[in-house]
Amino acid sequence: MPNLKSAKKRMELSRAANSRNRVSRSRIKTAMRRVAEAENAETAQLHMKEAVALLDRAATKNLLHANRVARMKSQLARHVNDLSAAS
């Protein structure tokens, strides 16, 4: 446990930020899973739009590294294009 008032405050703030970040990462993982499990290209395209918005917001807020976000978006786009080509 912290002894100083400022250390106690930092602990509380970091705990709050940690929970916010956990929620954001969970939403991103869920959105990506929905794209991966989509039955057809149209559904995947809709889910991809939501996932890309979440990923862009995470990159803007430095929750995820910008290059990682770019890679994830590329993988999603490739998956959706493969679904489109298959149908």
# chains A, B, ... in the order shown; residues from 1 in each chain; ligands from 1
$ select_by_dssp --residues "chain A" --states "helix (DSSP H, G or I)" --output "number ranges by chain"
A: 5-36, 41-60, 66-86
$ residues_around --residues "stretch 12-26 of chain A" --least-positions-apart "4" --cutoff "10 Å" --atoms "only C-alpha atoms" --output "CSV table (one decimal) with N, CA and C atoms, in the first residue's frame"
chain,number,residue,atom,x,y,z
A,6,SER,N,0.1,11.3,-2.9
A,6,SER,CA,0.2,11.3,-4.3
A,6,SER,C,0.3,9.9,-4.9
A,7,ALA,N,1.0,9.0,-4.2
A,7,ALA,CA,1.2,7.6,-4.6
A,7,ALA,C,-0.2,6.9,-4.6
A,8,LYS,N,-1.0,7.2,-3.5
A,8,LYS,CA,-2.3,6.6,-3.4
A,8,LYS,C,-3.2,7.1,-4.6
A,30,THR,N,-13.8,-8.6,-29.5
A,30,THR,CA,-15.1,-9.0,-29.9
A,30,THR,C,-15.5,-8.6,-31.3
A,31,ALA,N,-15.2,-7.4,-31.7
A,31,ALA,CA,-15.5,-6.9,-33.0
A,31,ALA,C,-14.7,-7.7,-34.0
A,32,MET,N,-13.5,-8.0,-33.8
A,32,MET,CA,-12.6,-8.8,-34.7
A,32,MET,C,-13.1,-10.2,-34.8
A,54,LEU,N,-13.2,1.1,-34.0
A,54,LEU,CA,-12.7,0.9,-32.7
A,54,LEU,C,-11.1,0.9,-32.7
A,55,LEU,N,-10.6,0.2,-33.8
A,55,LEU,CA,-9.1,0.2,-33.9
A,55,LEU,C,-8.5,1.5,-34.1
A,57,ARG,N,-9.8,4.4,-33.1
A,57,ARG,CA,-9.9,5.1,-31.9
A,57,ARG,C,-8.8,4.7,-30.9
A,58,ALA,N,-8.5,3.4,-30.9
A,58,ALA,CA,-7.5,2.8,-30.0
A,58,ALA,C,-6.1,3.3,-30.4
A,63,LEU,N,-3.8,3.4,-27.2
A,63,LEU,CA,-4.1,2.2,-26.5
A,63,LEU,C,-3.4,1.0,-27.1
A,64,LEU,N,-3.4,1.0,-28.5
A,64,LEU,CA,-2.6,0.1,-29.3
A,64,LEU,C,-1.6,0.9,-30.2
$ atom_distance --atom1 "atom CA of A:Ser84" --atom2 "atom CA of A:Lys29"
22.3 Å
$ residues_around --residues "stretch 38-44 of chain A" --least-positions-apart "6" --cutoff "12 Å" --atoms "only C-alpha atoms" --output "PDB file with N, CA and C atoms, in the first residue's frame"
ATOM      1  N   ALA A  31     -15.192  -7.390 -31.658  1.00  0.00           N
ATOM      2  CA  ALA A  31     -15.489  -6.911 -33.010  1.00  0.00           C
ATOM      3  C   ALA A  31     -14.700  -7.701 -34.048  1.00  0.00           C
ATOM      4  N   MET A  32     -13.454  -7.991 -33.760  1.00  0.00           N
ATOM      5  CA  MET A  32     -12.641  -8.757 -34.707  1.00  0.00           C
ATOM      6  C   MET A  32     -13.146 -10.187 -34.824  1.00  0.00           C
ATOM      7  N   GLU A  50     -17.321  -1.503 -38.025  1.00  0.00           N
ATOM      8  CA  GLU A  50     -17.318  -1.242 -36.586  1.00  0.00           C
ATOM      9  C   GLU A  50     -15.934  -1.507 -35.988  1.00  0.00           C
ATOM     10  N   ALA A  51     -15.312  -2.603 -36.402  1.00  0.00           N
ATOM     11  CA  ALA A  51     -14.001  -2.968 -35.870  1.00  0.00           C
ATOM     12  C   ALA A  51     -12.944  -1.931 -36.247  1.00  0.00           C
ATOM     13  N   VAL A  52     -12.999  -1.446 -37.476  1.00  0.00           N
ATOM     14  CA  VAL A  52     -12.024  -0.455 -37.928  1.00  0.00           C
ATOM     15  C   VAL A  52     -12.178   0.841 -37.133  1.00  0.00           C
ATOM     16  N   LEU A  76      -8.064  -7.938 -41.388  1.00  0.00           N
ATOM     17  CA  LEU A  76      -9.528  -7.944 -41.504  1.00  0.00           C
ATOM     18  C   LEU A  76      -9.955  -7.747 -42.958  1.00  0.00           C
ATOM     19  N   ALA A  77      -9.321  -6.787 -43.628  1.00  0.00           N
ATOM     20  CA  ALA A  77      -9.673  -6.500 -45.021  1.00  0.00           C
ATOM     21  C   ALA A  77      -9.388  -7.713 -45.906  1.00  0.00           C
ATOM     22  N   ARG A  78      -8.263  -8.363 -45.652  1.00  0.00           N
ATOM     23  CA  ARG A  78      -7.923  -9.557 -46.443  1.00  0.00           C
ATOM     24  C   ARG A  78      -8.957 -10.655 -46.241  1.00  0.00           C
ATOM     25  N   HIS A  79      -9.397 -10.832 -45.004  1.00  0.00           N
ATOM     26  CA  HIS A  79     -10.401 -11.856 -44.706  1.00  0.00           C
ATOM     27  C   HIS A  79     -11.731 -11.539 -45.408  1.00  0.00           C
ATOM     28  N   VAL A  80     -12.142 -10.294 -45.344  1.00  0.00           N
ATOM     29  CA  VAL A  80     -13.409  -9.900 -45.984  1.00  0.00           C
ATOM     30  C   VAL A  80     -13.302 -10.060 -47.503  1.00  0.00           C
ATOM     31  N   ASN A  81     -12.156  -9.710 -48.080  1.00  0.00           N
ATOM     32  CA  ASN A  81     -11.977  -9.875 -49.519  1.00  0.00           C
ATOM     33  C   ASN A  81     -11.992 -11.338 -49.920  1.00  0.00           C
ATOM     34  N   ASP A  82     -11.430 -12.205 -49.085  1.00  0.00           N
ATOM     35  CA  ASP A  82     -11.478 -13.643 -49.370  1.00  0.00           C
ATOM     36  C   ASP A  82     -12.924 -14.144 -49.335  1.00  0.00           C
ATOM     37  N   LEU A  83     -13.712 -13.643 -48.378  1.00  0.00           N
ATOM     38  CA  LEU A  83     -15.127 -14.032 -48.322  1.00  0.00           C
ATOM     39  C   LEU A  83     -15.868 -13.558 -49.573  1.00  0.00           C
ATOM     40  N   SER A  84     -15.565 -12.343 -50.022  1.00  0.00           N
ATOM     41  CA  SER A  84     -16.224 -11.797 -51.208  1.00  0.00           C
ATOM     42  C   SER A  84     -15.890 -12.613 -52.440  1.00  0.00           C
ATOM     43  N   ALA A  85     -14.620 -12.997 -52.548  1.00  0.00           N
ATOM     44  CA  ALA A  85     -14.182 -13.767 -53.714  1.00  0.00           C
ATOM     45  C   ALA A  85     -14.790 -15.164 -53.715  1.00  0.00           C
ATOM     46  N   ALA A  86     -15.002 -15.726 -52.534  1.00  0.00           N
ATOM     47  CA  ALA A  86     -15.524 -17.099 -52.433  1.00  0.00           C
ATOM     48  C   ALA A  86     -17.000 -17.171 -52.822  1.00  0.00           C
ATOM     49  N   SER A  87     -17.716 -16.078 -52.603  1.00  0.00           N
ATOM     50  CA  SER A  87     -19.158 -16.134 -52.901  1.00  0.00           C
ATOM     51  C   SER A  87     -19.528 -15.651 -54.268  1.00  0.00           C
TER      52      SER A  87
END
